[in-house]
$ cat entry-v4.pdb   # PDB, C-alpha atoms and all ligand atoms
MODEL        1
ATOM      1  CA  MET A   1       2.018  10.818 -23.756
ATOM      2  CA  LYS A   2       5.628   9.856 -23.249
ATOM      3  CA  LEU A   3       6.849   7.017 -21.087
ATOM      4  CA  VAL A   4      10.148   7.279 -19.188
ATOM      5  CA  GLU A   5      12.749   4.623 -18.422
ATOM      6  CA  ILE A   6      13.324   4.255 -14.676
ATOM      7  CA  ASP A   7      16.538   3.093 -12.967
ATOM      8  CA  CYS A   8      15.989   0.781  -9.999
ATOM      9  CA  PRO A   9      14.041   2.862  -7.417
ATOM     10  CA  VAL A  10      15.837   1.007  -4.598
ATOM     11  CA  CYS A  11      19.507   0.833  -5.654
ATOM     12  CA  SER A  12      19.703   2.983  -8.861
ATOM     13  CA  CYS A  13      21.108   0.075 -10.890
ATOM     14  CA  LYS A  14      20.369   0.271 -14.620
ATOM     15  CA  LYS A  15      20.515  -3.482 -15.273
ATOM     16  CA  TYR A  16      17.310  -5.505 -15.239
ATOM     17  CA  LYS A  17      15.532  -8.446 -16.750
ATOM     18  CA  VAL A  18      11.995  -8.189 -18.102
ATOM     19  CA  VAL A  19       9.473 -10.081 -15.976
ATOM     20  CA  PHE A  20       6.228  -9.194 -17.788
ATOM     21  CA  PRO A  21       5.749  -7.276 -21.043
ATOM     22  CA  ASP A  22       3.799  -4.027 -21.304
ATOM     23  CA  THR A  23       0.026  -4.458 -21.744
ATOM     24  CA  LEU A  24      -0.926  -0.798 -21.246
ATOM     25  CA  GLY A  25       0.969   1.354 -23.726
ATOM     26  CA  ALA A  26       1.614   5.093 -23.484
ATOM     27  CA  ARG A  27      -1.409   6.025 -21.365
ATOM     28  CA  PRO A  28      -2.313   6.206 -17.687
ATOM     29  CA  PRO A  29      -3.487   3.024 -15.945
ATOM     30  CA  VAL A  30      -6.865   2.727 -14.199
ATOM     31  CA  PHE A  31      -6.709   4.290 -10.715
ATOM     32  CA  GLY A  32      -8.816   3.300  -7.693
ATOM     33  CA  TYR A  33     -10.245  -0.117  -6.909
ATOM     34  CA  LYS A  34     -13.593  -0.175  -8.699
ATOM     35  CA  TRP A  35     -13.362  -3.402 -10.639
ATOM     36  CA  VAL A  36     -13.030  -3.123 -14.417
ATOM     37  CA  PRO A  37     -10.971  -5.579 -16.505
ATOM     38  CA  GLU A  38      -8.674  -2.719 -17.675
ATOM     39  CA  ILE A  39      -7.489  -2.268 -14.073
ATOM     40  CA  ARG A  40      -5.048  -5.125 -14.753
ATOM     41  CA  LYS A  41      -3.391  -3.489 -17.775
ATOM     42  CA  MET A  42       0.180  -2.635 -16.767
ATOM     43  CA  TYR A  43       3.416  -1.070 -17.877
ATOM     44  CA  ARG A  44       6.350  -3.380 -18.519
ATOM     45  CA  THR A  45       7.552  -5.011 -15.294
ATOM     46  CA  VAL A  46      11.276  -5.582 -14.696
ATOM     47  CA  ARG A  47      13.465  -7.062 -11.950
ATOM     48  CA  CYS A  48      16.664  -5.294 -10.885
ATOM     49  CA  LEU A  49      19.658  -7.563 -11.399
ATOM     50  CA  ALA A  50      21.504  -6.043  -8.422
ATOM     51  CA  CYS A  51      18.965  -5.896  -5.565
ATOM     52  CA  GLY A  52      16.032  -7.965  -6.897
ATOM     53  CA  HIS A  53      13.459  -5.168  -6.627
ATOM     54  CA  VAL A  54      10.592  -5.488  -9.144
ATOM     55  CA  TYR A  55       9.157  -2.305 -10.668
ATOM     56  CA  CYS A  56       7.512  -0.835 -13.750
ATOM     57  CA  SER A  57       9.661   0.752 -16.462
ATOM     58  CA  PRO A  58       9.154   2.500 -18.742
ATOM     59  CA  ARG A  59       6.135   4.229 -17.244
ATOM     60  CA  LEU A  60       4.340   7.548 -17.186
ATOM     61  CA  GLU A  61       5.742  10.343 -15.007
ATOM     62  CA  ASN A  62       3.744  12.397 -12.496
ATOM     63  CA  MET A  63       1.285   9.607 -11.876
ATOM     64  CA  TYR A  64       0.379  11.314  -8.585
ATOM     65  CA  GLN A  65      -1.805  13.850 -10.390
ATOM     66  CA  TYR A  66      -4.383  11.191 -11.295
ATOM     67  CA  TYR A  67      -5.232  10.279  -7.712
ATOM     68  CA  LYS A  68      -7.136  13.512  -7.067
ATOM     69  CA  ASP A  69     -10.043  12.305  -9.249
ATOM     70  CA  VAL A  70     -10.371   8.854  -7.680
ATOM     71  CA  GLU A  71     -13.905   8.277  -6.321
ATOM     72  CA  ASP A  72     -15.334   4.994  -5.120
ATOM     73  CA  GLU A  73     -18.651   4.865  -3.245
ATOM     74  CA  GLY A  74     -18.410   1.069  -3.242
ATOM     75  CA  TYR A  75     -15.272   1.319  -1.072
ATOM     76  CA  LEU A  76     -17.402   2.598   1.843
ATOM     77  CA  HIS A  77     -19.277  -0.710   1.893
ATOM     78  CA  ASN A  78     -16.254  -2.526   3.368
ATOM     79  CA  GLU A  79     -15.524  -0.001   6.097
ATOM     80  CA  PRO A  80     -16.400  -2.410   8.964
ATOM     81  CA  LEU A  81     -13.796  -4.878   7.653
ATOM     82  CA  ARG A  82     -11.080  -2.203   7.467
ATOM     83  CA  THR A  83     -11.961  -0.942  10.950
ATOM     84  CA  GLU A  84     -11.543  -4.413  12.402
ATOM     85  CA  THR A  85      -8.268  -4.843  10.497
ATOM     86  CA  ALA A  86      -7.056  -1.518  11.936
ATOM     87  CA  ARG A  87      -7.791  -2.765  15.470
ATOM     88  CA  ASN A  88      -5.595  -5.823  14.858
ATOM     89  CA  VAL A  89      -2.791  -3.748  13.328
ATOM     90  CA  ILE A  90      -2.781  -1.244  16.202
ATOM     91  CA  GLN A  91      -2.306  -4.031  18.751
ATOM     92  CA  THR A  92       1.074  -4.679  17.111
ATOM     93  CA  ILE A  93       2.028  -1.005  16.682
ATOM     94  CA  GLN A  94       1.301  -0.404  20.378
ATOM     95  CA  LYS A  95       4.202  -2.689  21.295
ATOM     96  CA  PHE A  96       6.659  -0.397  19.507
ATOM     97  CA  ALA A  97       5.093   3.038  20.028
ATOM     98  CA  PRO A  98       2.408   3.199  22.723
ATOM     99  CA  ALA A  99       1.612   6.932  22.367
ATOM    100  CA  GLY A 100       2.406  10.111  20.462
ATOM    101  CA  ARG A 101       1.763  11.697  17.062
ATOM    102  CA  LEU A 102       0.842   9.532  14.064
ATOM    103  CA  LEU A 103       0.751  10.440  10.362
ATOM    104  CA  ASP A 104      -1.076   8.118   7.935
ATOM    105  CA  VAL A 105       0.137   8.635   4.364
ATOM    106  CA  GLY A 106      -2.592   7.928   1.769
ATOM    107  CA  CYS A 107      -5.247   7.652   4.483
ATOM    108  CA  SER A 108      -8.166   7.399   2.027
ATOM    109  CA  THR A 109     -11.512   7.854   3.829
ATOM    110  CA  GLY A 110      -9.801   7.654   7.241
ATOM    111  CA  ASP A 111     -10.814   4.210   8.502
ATOM    112  CA  PHE A 112      -7.403   3.565  10.049
ATOM    113  CA  LEU A 113      -7.172   7.070  11.557
ATOM    114  CA  GLN A 114     -10.631   6.695  13.077
ATOM    115  CA  VAL A 115      -9.358   3.753  15.147
ATOM    116  CA  ALA A 116      -5.843   5.166  15.678
ATOM    117  CA  ARG A 117      -7.207   8.387  17.214
ATOM    118  CA  GLU A 118      -8.231   6.366  20.285
ATOM    119  CA  TYR A 119      -4.505   5.805  20.957
ATOM    120  CA  TYR A 120      -2.608   8.634  19.233
ATOM    121  CA  GLN A 121      -2.843  12.242  18.031
ATOM    122  CA  VAL A 122      -3.519  11.624  14.353
ATOM    123  CA  GLU A 123      -3.259  13.335  10.970
ATOM    124  CA  GLY A 124      -3.469  12.054   7.411
ATOM    125  CA  LEU A 125      -2.408  12.842   3.867
ATOM    126  CA  GLU A 126      -4.748  12.051   0.982
ATOM    127  CA  LEU A 127      -4.756  13.086  -2.666
ATOM    128  CA  SER A 128      -8.260  11.963  -3.683
ATOM    129  CA  HIS A 129     -10.674  14.873  -3.190
ATOM    130  CA  TRP A 130     -13.554  12.480  -2.657
ATOM    131  CA  ALA A 131     -11.777  10.420   0.041
ATOM    132  CA  LEU A 132     -10.469  13.600   1.700
ATOM    133  CA  GLU A 133     -14.007  14.987   2.059
ATOM    134  CA  VAL A 134     -15.259  11.731   3.590
ATOM    135  CA  ALA A 135     -12.353  11.798   6.093
ATOM    136  CA  LYS A 136     -12.960  15.462   6.962
ATOM    137  CA  HIS A 137     -16.642  14.748   7.612
ATOM    138  CA  ARG A 138     -15.494  12.311  10.264
ATOM    139  CA  GLY A 139     -13.685  15.150  12.001
ATOM    140  CA  LEU A 140     -10.212  14.015  10.972
ATOM    141  CA  THR A 141      -7.309  16.344  10.137
ATOM    142  CA  VAL A 142      -6.259  15.423   6.596
ATOM    143  CA  HIS A 143      -4.033  17.365   4.189
ATOM    144  CA  PRO A 144      -4.427  17.159   0.378
ATOM    145  CA  THR A 145      -0.685  16.865  -0.198
ATOM    146  CA  LYS A 146       2.079  14.474  -1.109
ATOM    147  CA  LEU A 147       4.593  13.522   1.538
ATOM    148  CA  ASN A 148       7.309  15.753   0.111
ATOM    149  CA  GLN A 149       4.955  18.761   0.089
ATOM    150  CA  ILE A 150       4.112  18.746   3.787
ATOM    151  CA  THR A 151       5.499  21.629   5.757
ATOM    152  CA  GLY A 152       6.486  21.943   9.392
ATOM    153  CA  ALA A 153       6.864  18.202   9.924
ATOM    154  CA  HIS A 154      10.485  18.098  11.015
ATOM    155  CA  GLU A 155      11.151  15.309  13.508
ATOM    156  CA  SER A 156       7.669  15.848  14.889
ATOM    157  CA  PHE A 157       5.971  12.453  14.452
ATOM    158  CA  ASP A 158       6.384   9.242  16.454
ATOM    159  CA  ILE A 159       4.713   7.013  13.872
ATOM    160  CA  VAL A 160       4.240   7.201  10.092
ATOM    161  CA  THR A 161       2.026   4.570   8.440
ATOM    162  CA  LEU A 162       1.710   3.552   4.775
ATOM    163  CA  TRP A 163      -1.106   1.038   4.245
ATOM    164  CA  GLY A 164      -1.219  -0.189   0.662
ATOM    165  CA  VAL A 165       0.653   2.929  -0.417
ATOM    166  CA  ILE A 166       4.305   2.111  -1.101
ATOM    167  CA  GLU A 167       3.419   0.059  -4.208
ATOM    168  CA  HIS A 168       2.007   3.264  -5.743
ATOM    169  CA  LEU A 169       4.994   5.548  -5.104
ATOM    170  CA  GLU A 170       6.968   6.826  -8.082
ATOM    171  CA  TYR A 171      10.104   7.515  -6.076
ATOM    172  CA  PRO A 172       9.889   5.460  -2.868
ATOM    173  CA  LYS A 173      13.444   6.343  -1.830
ATOM    174  CA  SER A 174      12.915  10.094  -1.667
ATOM    175  CA  GLU A 175       9.519   9.568  -0.025
ATOM    176  CA  LEU A 176      11.049   7.388   2.702
ATOM    177  CA  GLU A 177      13.843   9.891   3.216
ATOM    178  CA  ARG A 178      11.054  12.417   3.799
ATOM    179  CA  VAL A 179       9.453   9.996   6.269
ATOM    180  CA  ASN A 180      12.810   9.837   8.062
ATOM    181  CA  ARG A 181      12.858  13.632   8.395
ATOM    182  CA  ALA A 182       9.233  13.737   9.585
ATOM    183  CA  LEU A 183       9.953  11.191  12.335
ATOM    184  CA  LYS A 184      11.615  11.789  15.687
ATOM    185  CA  MET A 185      14.730   9.705  16.352
ATOM    186  CA  ASP A 186      13.530   6.194  17.384
ATOM    187  CA  GLY A 187      10.177   6.881  15.681
ATOM    188  CA  ILE A 188       8.689   4.067  13.600
ATOM    189  CA  VAL A 189       7.403   3.637  10.060
ATOM    190  CA  CYS A 190       4.794   0.904   9.495
ATOM    191  CA  PHE A 191       3.743  -0.434   6.125
ATOM    192  CA  TRP A 192       1.682  -3.092   4.386
ATOM    193  CA  THR A 193       2.300  -4.191   0.796
ATOM    194  CA  GLY A 194       2.464  -7.357  -1.324
ATOM    195  CA  ASP A 195       5.531  -9.636  -1.265
ATOM    196  CA  VAL A 196       6.649 -10.207  -4.846
ATOM    197  CA  ASP A 197       8.865 -13.144  -3.814
ATOM    198  CA  SER A 198       5.984 -14.921  -2.015
ATOM    199  CA  PHE A 199       4.448 -18.266  -2.862
ATOM    200  CA  TYR A 200       1.232 -16.628  -4.163
ATOM    201  CA  SER A 201       3.102 -14.216  -6.408
ATOM    202  CA  LYS A 202       5.112 -17.069  -7.927
ATOM    203  CA  LEU A 203       2.072 -19.312  -8.240
ATOM    204  CA  LEU A 204      -0.189 -16.724  -9.877
ATOM    205  CA  GLY A 205       2.426 -14.886 -11.985
ATOM    206  CA  SER A 206       0.786 -12.182 -14.090
ATOM    207  CA  MET A 207      -2.549 -13.012 -12.371
ATOM    208  CA  TRP A 208      -1.295 -12.161  -8.856
ATOM    209  CA  TRP A 209      -3.787  -9.781  -7.206
ATOM    210  CA  TYR A 210      -1.193  -7.052  -6.620
ATOM    211  CA  ARG A 211      -0.634  -6.763 -10.357
ATOM    212  CA  LEU A 212      -2.745  -3.693 -11.117
ATOM    213  CA  GLY A 213      -1.766  -0.844 -13.440
ATOM    214  CA  GLN A 214      -1.556   1.668 -10.587
ATOM    215  CA  HIS A 215       0.961  -0.536  -8.716
ATOM    216  CA  ILE A 216       4.469   0.263  -9.941
ATOM    217  CA  GLN A 217       6.661  -1.064  -7.077
ATOM    218  CA  PHE A 218       6.795  -4.719  -6.050
ATOM    219  CA  PHE A 219       8.832  -5.256  -2.900
ATOM    220  CA  SER A 220      10.143  -8.338  -1.127
ATOM    221  CA  TRP A 221      11.566  -8.362   2.405
ATOM    222  CA  LYS A 222      15.020  -8.263   0.805
ATOM    223  CA  SER A 223      14.427  -5.147  -1.290
ATOM    224  CA  MET A 224      12.427  -3.484   1.513
ATOM    225  CA  ASP A 225      15.267  -4.037   4.012
ATOM    226  CA  HIS A 226      17.687  -2.597   1.448
ATOM    227  CA  LEU A 227      15.615   0.542   0.872
ATOM    228  CA  MET A 228      14.784   1.092   4.538
ATOM    229  CA  SER A 229      18.407   0.688   5.579
ATOM    230  CA  ASP A 230      19.501   3.293   2.993
ATOM    231  CA  CYS A 231      16.803   5.623   4.349
ATOM    232  CA  GLY A 232      18.011   5.368   7.969
ATOM    233  CA  PHE A 233      15.744   2.619   9.333
ATOM    234  CA  THR A 234      16.239  -0.801  10.866
ATOM    235  CA  ARG A 235      13.600  -3.535  10.914
ATOM    236  CA  VAL A 236      11.981  -4.276  14.287
ATOM    237  CA  TYR A 237       8.965  -6.315  13.153
ATOM    238  CA  LYS A 238       8.332  -8.689  10.262
ATOM    239  CA  GLY A 239       4.801 -10.045  10.036
ATOM    240  CA  VAL A 240       1.770 -10.798   7.934
ATOM    241  CA  TYR A 241      -0.988  -8.213   7.576
ATOM    242  CA  PRO A 242      -4.008  -9.339   9.661
ATOM    243  CA  TYR A 243      -6.602  -8.722   6.976
ATOM    244  CA  VAL A 244     -10.201  -9.047   8.221
ATOM    245  CA  ILE A 245     -12.444 -10.252   5.424
ATOM    246  CA  SER A 246     -15.986 -11.598   4.976
ATOM    247  CA  PHE A 247     -16.885 -14.622   2.887
ATOM    248  CA  GLU A 248     -18.956 -12.278   0.735
ATOM    249  CA  TYR A 249     -15.947 -10.095  -0.043
ATOM    250  CA  LEU A 250     -13.666 -13.102  -0.537
ATOM    251  CA  GLY A 251     -16.186 -14.548  -3.015
ATOM    252  CA  ILE A 252     -16.368 -11.275  -4.966
ATOM    253  CA  SER A 253     -12.548 -11.027  -5.097
ATOM    254  CA  LEU A 254     -12.046 -14.615  -6.201
ATOM    255  CA  SER A 255     -14.793 -14.511  -8.808
ATOM    256  CA  ARG A 256     -12.702 -12.047 -10.809
ATOM    257  CA  TYR A 257     -10.050 -14.650 -11.376
ATOM    258  CA  PHE A 258     -11.168 -18.218 -11.563
ATOM    259  CA  LEU A 259     -14.097 -20.454 -12.274
ATOM    260  CA  ILE A 260     -13.454 -21.977  -8.858
ATOM    261  CA  GLY A 261     -13.890 -18.472  -7.425
ATOM    262  CA  ARG A 262     -17.303 -18.136  -9.047
ATOM    263  CA  LEU A 263     -18.287 -21.444  -7.538
ATOM    264  CA  ALA A 264     -16.967 -20.304  -4.146
ATOM    265  CA  LYS A 265     -19.110 -17.168  -4.357
ATOM    266  CA  ILE A 266     -22.252 -19.254  -4.904
ATOM    267  CA  LEU A 267     -21.264 -21.738  -2.209
ATOM    268  CA  PHE A 268     -20.601 -19.024   0.406
ATOM    269  CA  SER A 269     -24.023 -17.462  -0.155
ATOM    270  CA  LEU A 270     -25.826 -20.819  -0.126
ATOM    271  CA  ALA A 271     -24.104 -21.811   3.095
ATOM    272  CA  GLY A 272     -25.225 -18.576   4.785
ATOM    273  CA  LEU A 273     -21.610 -17.582   5.368
ATOM    274  CA  ARG A 274     -21.779 -14.239   3.531
ATOM    275  CA  LYS A 275     -21.536 -11.931   6.540
ATOM    276  CA  ARG A 276     -19.201 -14.155   8.561
ATOM    277  CA  ARG A 277     -15.854 -12.461   9.146
ATOM    278  CA  PHE A 278     -12.419 -13.953   9.719
ATOM    279  CA  VAL A 279      -8.774 -12.910   9.703
ATOM    280  CA  LEU A 280      -7.045 -13.867   6.478
ATOM    281  CA  ARG A 281      -3.310 -14.228   7.050
ATOM    282  CA  LYS A 282      -1.839 -14.667   3.589
ATOM    283  CA  SER A 283       1.932 -14.999   3.441
ATOM    284  CA  ASP A 284       2.137 -12.484   0.560
ATOM    285  CA  GLU A 285       0.788  -9.594   2.684
ATOM    286  CA  MET A 286       3.932  -8.042   4.197
ATOM    287  CA  PHE A 287       3.361  -6.056   7.391
ATOM    288  CA  GLY A 288       6.576  -4.493   8.631
ATOM    289  CA  ILE A 289       7.726  -1.973  11.206
ATOM    290  CA  TYR A 290      11.085  -0.174  10.942
ATOM    291  CA  ARG A 291      12.651   2.167  13.480
ATOM    292  CA  LYS A 292      14.564   5.355  12.644
ATOM    293  CA  VAL A 293      18.142   4.855  13.806
ATOM    294  CA  ARG A 294      19.906   7.672  11.946
ATOM    295  CA  ARG A 295      19.137  10.906  10.089
ATOM    296  CA  VAL A 296      19.434  11.028   6.307
TER
HETATM  297 ZN    ZN A 301      18.039  -2.486  -7.514
ENDMDL
END

$ encode --input "entry-v4.pdb" --output "structure tokens"
Amino acid sequence: MKLVEIDCPVCSCKKYKVVFPDTLGARPPVFGYKWVPEIRKMYRTVRCLACGHVYCSPRLENMYQYYKDVEDEGYLHNEPLRTETARNVIQTIQKFAPAGRLLDVGCSTGDFLQVAREYYQVEGLELSHWALEVAKHRGLTVHPTKLNQITGAHESFDIVTLWGVIEHLEYPKSELERVNRALKMDGIVCFWTGDVDSFYSKLLGSMWWYRLGQHIQFFSWKSMDHLMSDCGFTRVYKGVYPYVISFEYLGISLSRYFLIGRLAKILFSLAGLRKRRFVLRKSDEMFGIYRKVRRV
């Protein structure tokens, strides 16, 4: 397998500084979210000296092909949490686009679409065969294609959403240009991803939870504004993703990292908090909405 050098995916600059060395080598990373220690092995991470975007280079090409085999029965376990999160997110989206056609890119098993269909006419795109089948069983319209392979979506959507997707994209600029073409004028694109310039990212460094081998783009509000502006969008909302989580899930997540996390896991179960849910508003979870203001 051959790795390729990548120019900055946001501004095409060739100058960078190395942020973290390669720990993966010339092979694909682990895809999906089933926890195994190898999931954290990554390609070299660099920061663009011109726009500040952080990304992986060199890396494998055509990483998209690996998503079709991703299966994760354990993912279904947290569906109630994602459904509640979707309800919170839609309250915000409603303020900018109260009705119309919505396309969810990388919709997985369709938890977001299941809630969104109460407000909008919905469709999804999903590469994992397993997730696609789960979504179809729920009666959702989901296509097994990448964004740039969809046909007949010319200025036909009011809303395009990318939840935890943009950090996986090999060429986010061309994908967002495609989003621009899929959206009607004044349509909106909504996303959630990690903020690489956040307090948590700086505090945790190579241990930051977004640092997984399958994540190859690390945005900040600055680099996101830059990319979105080049792709014909202007920001209308800057927020924090209203992540609904249970103490049980928080304990499991933390226990992967720290001794204190393992203690937290025990404490949460002793205190009978396991099933208790709450909204976790972490400052490193960027939730943004941009409006299409020109064609590209
Ligand atoms: Zn750049």

$ resolve_selection --input "entry-v4.pdb" --expression "the PyMOL selection byres (((chain A and resi 225) around 12) and not hetatm)" --output "PyMOL selection string"
chain A and resi 10-11+51-53+219-224+226-238+288-291

$ write_last_selection --input "entry-v4.pdb" --atoms "C-alpha atoms" --output "PDB file, in the coordinates of the input"
ATOM      1  CA  VAL A  10      15.837   1.007  -4.598  1.00  0.00           C
ATOM      2  CA  CYS A  11      19.507   0.833  -5.654  1.00  0.00           C
ATOM      3  CA  CYS A  51      18.965  -5.896  -5.565  1.00  0.00           C
ATOM      4  CA  GLY A  52      16.032  -7.965  -6.897  1.00  0.00           C
ATOM      5  CA  HIS A  53      13.459  -5.168  -6.627  1.00  0.00           C
ATOM      6  CA  PHE A 219       8.832  -5.256  -2.900  1.00  0.00           C
ATOM      7  CA  SER A 220      10.143  -8.338  -1.127  1.00  0.00           C
ATOM      8  CA  TRP A 221      11.566  -8.362   2.405  1.00  0.00           C
ATOM      9  CA  LYS A 222      15.020  -8.263   0.805  1.00  0.00           C
ATOM     10  CA  SER A 223      14.427  -5.147  -1.290  1.00  0.00           C
ATOM     11  CA  MET A 224      12.427  -3.484   1.513  1.00  0.00           C
ATOM     12  CA  HIS A 226      17.687  -2.597   1.448  1.00  0.00           C
ATOM     13  CA  LEU A 227      15.615   0.542   0.872  1.00  0.00           C
ATOM     14  CA  MET A 228      14.784   1.092   4.538  1.00  0.00           C
ATOM     15  CA  SER A 229      18.407   0.688   5.579  1.00  0.00           C
ATOM     16  CA  ASP A 230      19.501   3.293   2.993  1.00  0.00           C
ATOM     17  CA  CYS A 231      16.803   5.623   4.349  1.00  0.00           C
ATOM     18  CA  GLY A 232      18.011   5.368   7.969  1.00  0.00           C
ATOM     19  CA  PHE A 233      15.744   2.619   9.333  1.00  0.00           C
ATOM     20  CA  THR A 234      16.239  -0.801  10.866  1.00  0.00           C
ATOM     21  CA  ARG A 235      13.600  -3.535  10.914  1.00  0.00           C
ATOM     22  CA  VAL A 236      11.981  -4.276  14.287  1.00  0.00           C
ATOM     23  CA  TYR A 237       8.965  -6.315  13.153  1.00  0.00           C
ATOM     24  CA  LYS A 238       8.332  -8.689  10.262  1.00  0.00           C
ATOM     25  CA  GLY A 288       6.576  -4.493   8.631  1.00  0.00           C
ATOM     26  CA  ILE A 289       7.726  -1.973  11.206  1.00  0.00           C
ATOM     27  CA  TYR A 290      11.085  -0.174  10.942  1.00  0.00           C
ATOM     28  CA  ARG A 291      12.651   2.167  13.480  1.00  0.00           C
TER      29      ARG A 291
END

$ atom_distance --input "entry-v4.pdb" --atom1 "atom CA of A:Lys265" --atom2 "atom CA of A:Lys202"
24.5 Å

$ residues_around --input "entry-v4.pdb" --residues "A:Val279" --least-positions-apart "5" --cutoff "12 Å" --atoms "only C-alpha atoms" --output "PyMOL selection string"
chain A and resi 81-82+84-89+240-247+250

$ atom_distance --input "entry-v4.pdb" --atom1 "atom CA of A:Cys8" --atom2 "atom CA of A:Cys48"
6.2 Å

$ closest_residue --input "entry-v4.pdb" --among "A:Tyr257, A:Tyr66, A:Tyr16, A:Phe191" --to "ligand ZN 301 (chain A)" --atoms "all atoms listed in the file"
A:Tyr16

$ residues_around --input "entry-v4.pdb" --residues "A:Pro58" --least-positions-apart "3" --cutoff "7 Å" --atoms "all atoms listed in the file" --output "PyMOL selection string"
chain A and resi 3-6+43-44

$ atom_distance --input "entry-v4.pdb" --atom1 "atom CA of A:Thr193" --atom2 "atom CA of A:Ser156"
25.1 Å

$ residues_around --input "entry-v4.pdb" --residues "stretch 177-183 of chain A" --least-positions-apart "5" --cutoff "9 Å" --atoms "all atoms listed in the file" --output "list in words"
Leu147, Asn148, Gly152, Ala153, His154, Glu155, Ser156, Phe157, Asp158, Ile159, Val160, Pro172, Ile188, Val189, Met228, Asp230, Cys231, Gly232, Phe233, Lys292, Arg294, Arg295 and Val296 of chain A

$ closest_residue --input "entry-v4.pdb" --among "A:Gln217, A:Pro80, A:Leu24, A:Gly139" --to "ligand ZN 301 (chain A)" --atoms "only C-alpha atoms and all ligand atoms"
A:Gln217

$ residues_around --input "entry-v4.pdb" --residues "A:Glu38" --least-positions-apart "2" --cutoff "10 Å" --atoms "all atoms listed in the file" --output "list of chain:residue names"
A:Thr23, A:Leu24, A:Pro29, A:Val30, A:Trp35, A:Val36, A:Arg40, A:Lys41, A:Met42, A:Leu212, A:Gly213

$ closest_residue --input "entry-v4.pdb" --among "A:Pro37, A:Ala50, A:Ala271, A:Lys2" --to "ligand ZN 301 (chain A)" --atoms "all atoms listed in the file"
A:Ala50

$ closest_residue --input "entry-v4.pdb" --among "A:Met1, A:Leu176, A:Val165, A:Ala97" --to "A:Glu126" --atoms "all atoms listed in the file"
A:Val165

$ closest_residue --input "entry-v4.pdb" --among "A:Ser206, A:Phe218, A:Pro98, A:Ala116" --to "ligand ZN 301 (chain A)" --atoms "all atoms listed in the file"
A:Phe218

$ residues_around --input "entry-v4.pdb" --residues "A:Gly106" --least-positions-apart "4" --cutoff "12 Å" --atoms "only C-alpha atoms" --output "ChimeraX atom specification"
/A:64,67-68,110-113,123-129,131-132,135,142-147,160-169,191

$ closest_residue --input "entry-v4.pdb" --among "A:Lys173, A:Gln91, A:Gly100, A:Lys184" --to "ligand ZN 301 (chain A)" --atoms "all atoms listed in the file"
A:Lys173

$ axis_aligned_box --input "entry-v4.pdb" --around "stretch 65-71 of chain A" --padding-each-side "5 Å" --output "lines of an AutoDock Vina configuration file"
center_x = -7.9
center_y = 11.1
center_z = -8.8
size_x = 22.1
size_y = 15.6
size_z = 15.0
